[in-house]
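*Asks:* One structure, as structure tokens, below. Some questions next.
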Amino acid sequence: MLSGFLSGATQPEDNVRPVVPVNQRAAQMEAMVLAFVAEKDLPFTVTSGLLELMKAAAKDKKALGEVKLQRRSASYKMVHGVAKTFTGALTESLKQTKFSLNIDESTTKSQKKVLAVLVSFFDEQKNEIVVEHLDSFEVVRADAKTIYDGIVNIFEKHSLPWRNLMSILMDSCNTMRGTKGGVETLIRTLKAPHLLDINRDSVHHAHNAAKAFCAPFENWLERLFKDIHTDFHWSTDLREKLAEICDMVGIKFTIPERFLNHRFLSAYNLAADTLRLLDALTIFYVSFAKGDDRIKFDRYKQKVIRQKNVSGESLKKLEEIDLYLKKKPMTVDGKERKVRIINRLFRGRLRTRLLLSIYVGVLHQLKEYVMVFQRKDPHIHLLNDKQIELLKLYLGLFIKPECMPKCIKQLKTMSVNDASLHLPPKSMFVGNSALLGNGKATSLSDVKIVLGQLKTAYVSSSQVLIQKMPIDNPLLKHASALDPQAQEHSIILGYLKGIPNIVTNVLGKEERSKYDMEVHRYISDPTLPPYDEGSRVDSWWGEVAKTYPGLGKLALACLSCFHGPLIDGVFNSMGDVCDVRSGSMNTETLSAIQSTKYHLKASGLSAVKYFERPDTLYSPVQANIVQNMKGASADYRKSVQGKKEPGKAKPVPKRTALDNISSAAKRHREEHLAMNVEKKKSA
């Protein structure tokens with residue numbers, strides 16, 4: 001016993017149970033977390049956050065024992081507790097500062113039409129412009145009057161002043177931006193005459209230009225994208241074989257995505273992926289060729305094998321994959337799909353490669369523009385310059401250099417369909433010019449077809465850009481003066497002085513009287529904070545506003561304007577929350593979830609860090625959220641009672657397509673039974 005005591009070992013008494021080692025307990029807890037993730041169909045990305053949450057909650061075991069969150073209570077506490085607190089703080093800020101809105105409508109997987117509203121404003125505490133979710137509401141009929149009434153209800157519900165609204169970014173359809181009765185026109189006419197006109201969403205214009213560019217090519221690539229996606233989407237074994245081929249030839253494997261015409265520049269993304277996977281797809285689809293075609297097309301496979309220096313062991317594996325694919329049973333649709341893919345990959349190989357090169361090379365210019373203006377940090381001061389730069393660069397792909405316009409007026413009035421302005425077909429930009437064989441291949445029939453289509457594509461897409469891009473918009477031209485790197489240019493002086501004539505709802509009379517002097521001092525001030533390219537322009541102006549309050553206030557109000565659609569992020573995540581399985585979730589709960597997510601993103605903190613308290617017993621809690629959480633049940637009961645008030649018409653539930661089909665089937669069945677009864681009676 002003495003030796004055991006000296007060595008540090010403990011001898012358990014007969015009535016004392018041995019303690020399970022901590023590493024074993026930790027291993028079982030890890031298994032519990034992973035089993036929970038599997039049980040609830042959660043992604044593995046939540047495991048680290050789940051553990052962080054467990055550790056934070058375990059610090060206050062007594063409070064944890066009092067936590068009760070069933071499905072219904074979780075819903076109303078999210079709406080009347082968490083989201084109510086976050087939205088309340090947001091609306092209090094919006095009452096004191098200028099803000100802009102981004103509005104769009106989408107249909108969820110559960111067939112609900114939901115309009116979401118994001119808001120952008122300068123947060124003095126963070127010294128930067130933040131984006132948060134203000135509200136969402138369901139629309140049964142997506143017309144201008146219904147949407148307008150919904151936005152007005154949001155302003156009234158949250159007591160927001162219309163004078164603080166700077167601009168609204170919406171898509172370009174007539175419902176939203178119609179000059180006679182669109183939503184924006186109604187708001188400007190009836191509520192906010194000072195509303196700024198940023199001339200629609202230029203990111204959508206770039207997307208529409210891409211659609212116009214792709215149209216003349218007669219869906220040659222788009223059909224290929226859809227067929228390849230269908231092949232690998234439904235066949236797990238085919239995905240595995242393609243992944244093995246990619247590994248052997250040194251290509252990163254990704255599952256071919258689905259082509260969606262409405263998604264921003266989907267054609268560019270899929271063209272880039274297909275071009276990267278082209279060698280692997282070549283090896284893969286040769287296996288499905290039959291007879292003489294197999295012998296003819298095998299040279300493409302052998303060329304890839306030589307270029308990629310495939311090892312002898314890998315060659316044996318490729319032969320096994322080839323044998324497996326040749327014997328794979330296929331449906332009639334599958335066989336027809338393979339024939340279409342083989343026609344494009346092999347018979348029309350030059351045409352396919354040329355079009356992939358054109359899509360990637362040309363649409364990349366539009367993709368870069370879209371990527372800049374889909375960022376959350378403000379870039380409205382760059383919008384006008386980037387639009388002009390995009391137009392000139394795009395026109396330079398097919399217009400003779402000596403015919404390029406010299407100024408904005410010439411750019412807006414240019415007739416791009418004038419053939420005398422165009423470069424010869426073999427000199428137009430096609431991406432990888434080596435595919436033309438230094439001009440020798442231009443006599444081939446496929447190349448002639450593509451170059452003829454390319455000319456049409458350039459003309460039609462350029463017309464969209466010239467007509468839609470607001471390069472002569474006064475607001476955007478003046479907003480370019482807010483670029484810190486343009487401070488010392490003389491033209492900036494005139495632009496800065498002209499901003500109050502466009503933005504009329506920011507400066508008061510006293511601030512306006514001092515504004516011109518502030519501008520002159522700002523232009524020649526050598527003591528301004530340093531600005532590095534890539535820094536946040538709003539944070540820089542937040543510092544400048546301390547010295548030049550009127551100019552800074554005006555600049556930050558302009559910078560709060562949305563310049564690209566951020567609303568799509570709401571709908572991308574909406575499918576995860578409001579899908580077919582959770583179709584009973586109402587829009588109010590969905591809106592609360594989005595408000596919570598955006599508030600946490602704007603704060604830059606995780607949920608655990610946001611509510612973290614250093615001392616579980618003595619550190620103060622957030623009184624407002626505690627009060628709202630405790631009163632959530634009463635608020636929920638009031639809202640339910642309000643819907644059941646006597647005399648109040650019960651809302652008629654919206655019929656879905658499935659409801660209509662079910663009712664029609666029931667009616668036909670009853671008619672059929674009645675007919676049979678009549679026949680029996682007559683017999």
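Residue numbering restarts at 1 for every chain of the structure tokens, chains are lettered A, B, ... in their displayed order, and ligands are numbered from 1 as they appear.
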Mind listing the helix (DSSP H, G or I) residues of stretch 395-606 of chain A, per DSSP on the backbone, as JSON, numbers by chain?

*Replies:* {"A": [395, 401, 402, 403, 408, 409, 410, 411, 412, 413, 419, 420, 421, 425, 426, 427, 433, 434, 435, 436, 440, 441, 442, 443, 445, 446, 447, 448, 449, 450, 451, 452, 453, 454, 455, 456, 457, 458, 459, 460, 461, 462, 463, 464, 465, 466, 467, 468, 474, 475, 476, 477, 478, 479, 480, 481, 482, 484, 485, 486, 490, 491, 492, 493, 494, 495, 496, 497, 498, 499, 500, 501, 502, 509, 510, 511, 512, 513, 514, 515, 516, 517, 518, 519, 520, 521, 522, 523, 537, 538, 539, 540, 541, 542, 543, 544, 549, 550, 551, 552, 553, 554, 555, 556, 557, 558, 559, 568, 569, 570, 571, 572, 573, 574, 575, 576, 577, 580, 581, 582, 587, 588, 589, 590, 591, 592, 593, 594, 595, 596, 597, 598, 599, 600, 601, 602, 603]}

*Asks:* Can you tell me, as a ChimeraX atom specification, what residues are no more than 9 Å from A:Glu52 when counting only C-alpha atoms, ignoring any on the same chain fewer than 5 positions away?

*Replies:* /A:47,57,608

*Asks:* With N, CA and C atoms kept, could you save the residues just selected as a compact mmCIF listing (two decimals), in the first residue's frame?

*Replies:*
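Just written: again_27.txt:
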# COMPACT_ATOMS: atom_id res chain seq x y z
N THR A 47 -20.84 20.97 -36.43
CA THR A 47 -20.34 20.25 -35.26
C THR A 47 -19.50 21.12 -34.35
N ALA A 57 -23.14 26.69 -22.70
CA ALA A 57 -24.33 26.43 -21.91
C ALA A 57 -23.99 25.68 -20.62
N VAL A 608 -22.89 32.36 -29.92
CA VAL A 608 -22.29 32.09 -28.61
C VAL A 608 -21.54 33.30 -28.11

*Asks:* I want to know what sits within 8 Å of stretch 526-529 of chain A, based on only C-alpha atoms, with residues of the same chain fewer than 2 positions away left out; could you give that as an MDAnalysis selection string?

*Replies:* chainID A and resid 524 531 540 543:544

*Asks:* With a distance cut-off of 12 Å and only C-alpha atoms, select the neighbouring residues of A:Ile151, excluding the residue or stretch itself and same-chain residues fewer than 2 positions from it, and output the selection as JSON, numbers by chain.

*Replies:* {"A": [101, 102, 103, 104, 115, 116, 117, 118, 134, 135, 136, 137, 138, 139, 144, 145, 146, 147, 148, 149, 153, 154, 155, 156, 157, 158, 160, 162, 168, 183, 184, 186, 187, 191]}

*Asks:* Excluding A:Leu355 and residues on its chain fewer than 5 positions from it, collect all residues at most 9 Å away from it, counting only C-alpha atoms, and give them as a ChimeraX atom specification.

*Replies:* /A:217,220-221,271,350,360,430,450

*Asks:* Which residue gives the smallest distance to A:Ser535 among A:Pro378, A:Leu366, A:Glu678, A:Gln24, with only C-alpha atoms counted?

*Replies:*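 Of all the options, A:Pro378 lies closest to A:Ser535.
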
*Asks:* List the spatial neighbours of stretch 487-495 of chain A as a list in words - criterion: any atom at most 10 Å away, only C-alpha atoms, same-chain residues fewer than 2 positions off excluded.

*Replies:* Pro474, Leu475, Lys477, His478, Ala479, Ser480, Ala481, Leu482, Asp483, Pro484, Gln485, Lys497, Gly498, Ile499, Pro500, Asp516, Val519, His520, Tyr522, Ile523, Ser524, Asp525, Pro526 and Leu528 of chain A

*Asks:* Could you pull the residues within 10 Å of A:Gln387, counting only C-alpha atoms, minus those fewer than 6 positions along the same chain, as JSON, numbers by chain?

*Replies:* {"A": [202, 206, 369, 393, 465, 466, 469, 470, 471]}

*Asks:* May I ask which of the residues A:Phe253, A:Tyr394, A:Tyr76, A:Phe562 is the closest one to A:Leu363, counting only C-alpha atoms?

*Replies:*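 The answer is A:Tyr394, which sits nearest to A:Leu363.
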
*Asks:* Go ahead and compute the interatomic distance for atom CA of A:Leu242 and atom CA of A:Lys367, in Å to one decimal.

*Replies:*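 Going from atom CA of A:Leu242 over to atom CA of A:Lys367 covers 28.1 Å.
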
*Asks:* Enumerate, as a ChimeraX atom specification, the complete set of residues in stretch 68-312 of chain A that a backbone-based DSSP assignment places in strand (DSSP E).

*Replies:* /A:99-107,113-123,128-138,165-169

*Asks:* Output the selection as a compact mmCIF listing (two decimals), in the first residue's frame - N, CA and C atoms for each residue.

*Replies:*
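Once everything was written out, this is part_39.txt:
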# COMPACT_ATOMS: atom_id res chain seq x y z
N PHE A 99 -31.02 55.53 -44.60
CA PHE A 99 -30.89 54.12 -44.96
C PHE A 99 -31.43 53.89 -46.36
N SER A 100 -31.06 52.75 -46.93
CA SER A 100 -31.53 52.34 -48.25
C SER A 100 -32.07 50.92 -48.16
N LEU A 101 -32.92 50.56 -49.12
CA LEU A 101 -33.56 49.25 -49.12
C LEU A 101 -33.18 48.45 -50.37
N ASN A 102 -33.15 47.13 -50.20
CA ASN A 102 -33.02 46.20 -51.31
C ASN A 102 -34.21 45.24 -51.21
N ILE A 103 -35.04 45.21 -52.24
CA ILE A 103 -36.31 44.47 -52.19
C ILE A 103 -36.38 43.51 -53.37
N ASP A 104 -36.81 42.29 -53.10
CA ASP A 104 -37.05 41.34 -54.19
C ASP A 104 -38.01 40.27 -53.71
N GLU A 105 -38.63 39.61 -54.67
CA GLU A 105 -39.62 38.57 -54.37
C GLU A 105 -39.16 37.24 -54.93
N SER A 106 -39.45 36.17 -54.18
CA SER A 106 -39.08 34.84 -54.64
C SER A 106 -40.11 33.84 -54.14
N THR A 107 -40.07 32.66 -54.72
CA THR A 107 -40.99 31.58 -54.32
C THR A 107 -40.19 30.49 -53.61
N LYS A 113 -44.89 32.73 -51.98
CA LYS A 113 -44.27 33.91 -52.57
C LYS A 113 -43.95 34.89 -51.45
N VAL A 114 -42.67 35.11 -51.24
CA VAL A 114 -42.23 35.94 -50.12
C VAL A 114 -41.40 37.10 -50.65
N LEU A 115 -41.70 38.30 -50.16
CA LEU A 115 -40.92 39.48 -50.50
C LEU A 115 -40.07 39.84 -49.29
N ALA A 116 -38.77 39.88 -49.49
CA ALA A 116 -37.83 40.19 -48.40
C ALA A 116 -37.28 41.60 -48.58
N VAL A 117 -37.04 42.27 -47.46
CA VAL A 117 -36.56 43.65 -47.46
C VAL A 117 -35.28 43.72 -46.62
N LEU A 118 -34.17 44.07 -47.28
CA LEU A 118 -32.91 44.32 -46.58
C LEU A 118 -32.70 45.82 -46.45
N VAL A 119 -31.97 46.21 -45.42
CA VAL A 119 -31.71 47.63 -45.19
C VAL A 119 -30.22 47.84 -44.99
N SER A 120 -29.70 48.94 -45.54
CA SER A 120 -28.29 49.29 -45.43
C SER A 120 -28.19 50.67 -44.79
N PHE A 121 -27.32 50.80 -43.78
CA PHE A 121 -27.16 52.08 -43.08
C PHE A 121 -25.80 52.14 -42.40
N PHE A 122 -25.38 53.34 -42.03
CA PHE A 122 -24.08 53.53 -41.38
C PHE A 122 -24.23 53.33 -39.87
N ASP A 123 -23.48 52.38 -39.34
CA ASP A 123 -23.49 52.09 -37.91
C ASP A 123 -22.32 52.83 -37.26
N GLU A 128 -18.93 51.63 -39.84
CA GLU A 128 -19.05 51.10 -41.20
C GLU A 128 -20.51 50.89 -41.53
N ILE A 129 -20.78 50.74 -42.81
CA ILE A 129 -22.14 50.50 -43.27
C ILE A 129 -22.45 49.01 -43.13
N VAL A 130 -23.59 48.70 -42.55
CA VAL A 130 -23.98 47.31 -42.32
C VAL A 130 -25.28 47.02 -43.06
N VAL A 131 -25.50 45.75 -43.34
CA VAL A 131 -26.71 45.30 -44.02
C VAL A 131 -27.46 44.36 -43.08
N GLU A 132 -28.74 44.66 -42.85
CA GLU A 132 -29.56 43.80 -41.99
C GLU A 132 -30.89 43.51 -42.68
N HIS A 133 -31.55 42.48 -42.18
CA HIS A 133 -32.88 42.11 -42.68
C HIS A 133 -33.92 42.87 -41.89
N LEU A 134 -34.72 43.67 -42.59
CA LEU A 134 -35.73 44.48 -41.92
C LEU A 134 -37.02 43.70 -41.72
N ASP A 135 -37.52 43.07 -42.78
CA ASP A 135 -38.79 42.34 -42.67
C ASP A 135 -39.02 41.52 -43.93
N SER A 136 -39.94 40.58 -43.84
CA SER A 136 -40.39 39.80 -44.99
C SER A 136 -41.90 39.63 -44.87
N PHE A 137 -42.56 39.58 -46.00
CA PHE A 137 -44.00 39.33 -45.95
C PHE A 137 -44.41 38.53 -47.17
N GLU A 138 -45.46 37.74 -46.99
CA GLU A 138 -45.96 36.90 -48.07
C GLU A 138 -46.88 37.70 -48.97
N LEU A 165 -35.35 57.57 -45.86
CA LEU A 165 -35.14 56.62 -46.96
C LEU A 165 -34.38 57.30 -48.09
N MET A 166 -33.23 56.69 -48.48
CA MET A 166 -32.40 57.26 -49.53
C MET A 166 -32.74 56.69 -50.91
N SER A 167 -32.75 55.37 -51.03
CA SER A 167 -32.98 54.73 -52.33
C SER A 167 -33.53 53.33 -52.12
N ILE A 168 -34.06 52.77 -53.19
CA ILE A 168 -34.55 51.39 -53.16
C ILE A 168 -33.99 50.68 -54.39
N LEU A 169 -33.32 49.56 -54.15
CA LEU A 169 -32.79 48.77 -55.26
C LEU A 169 -33.72 47.59 -55.50

*Asks:* Work out how far apart atom CA of A:Leu444 and atom CA of A:Lys301 are and give it in Å to one decimal.

*Replies:*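 Atom CA of A:Leu444 sits 23.0 Å away from atom CA of A:Lys301.
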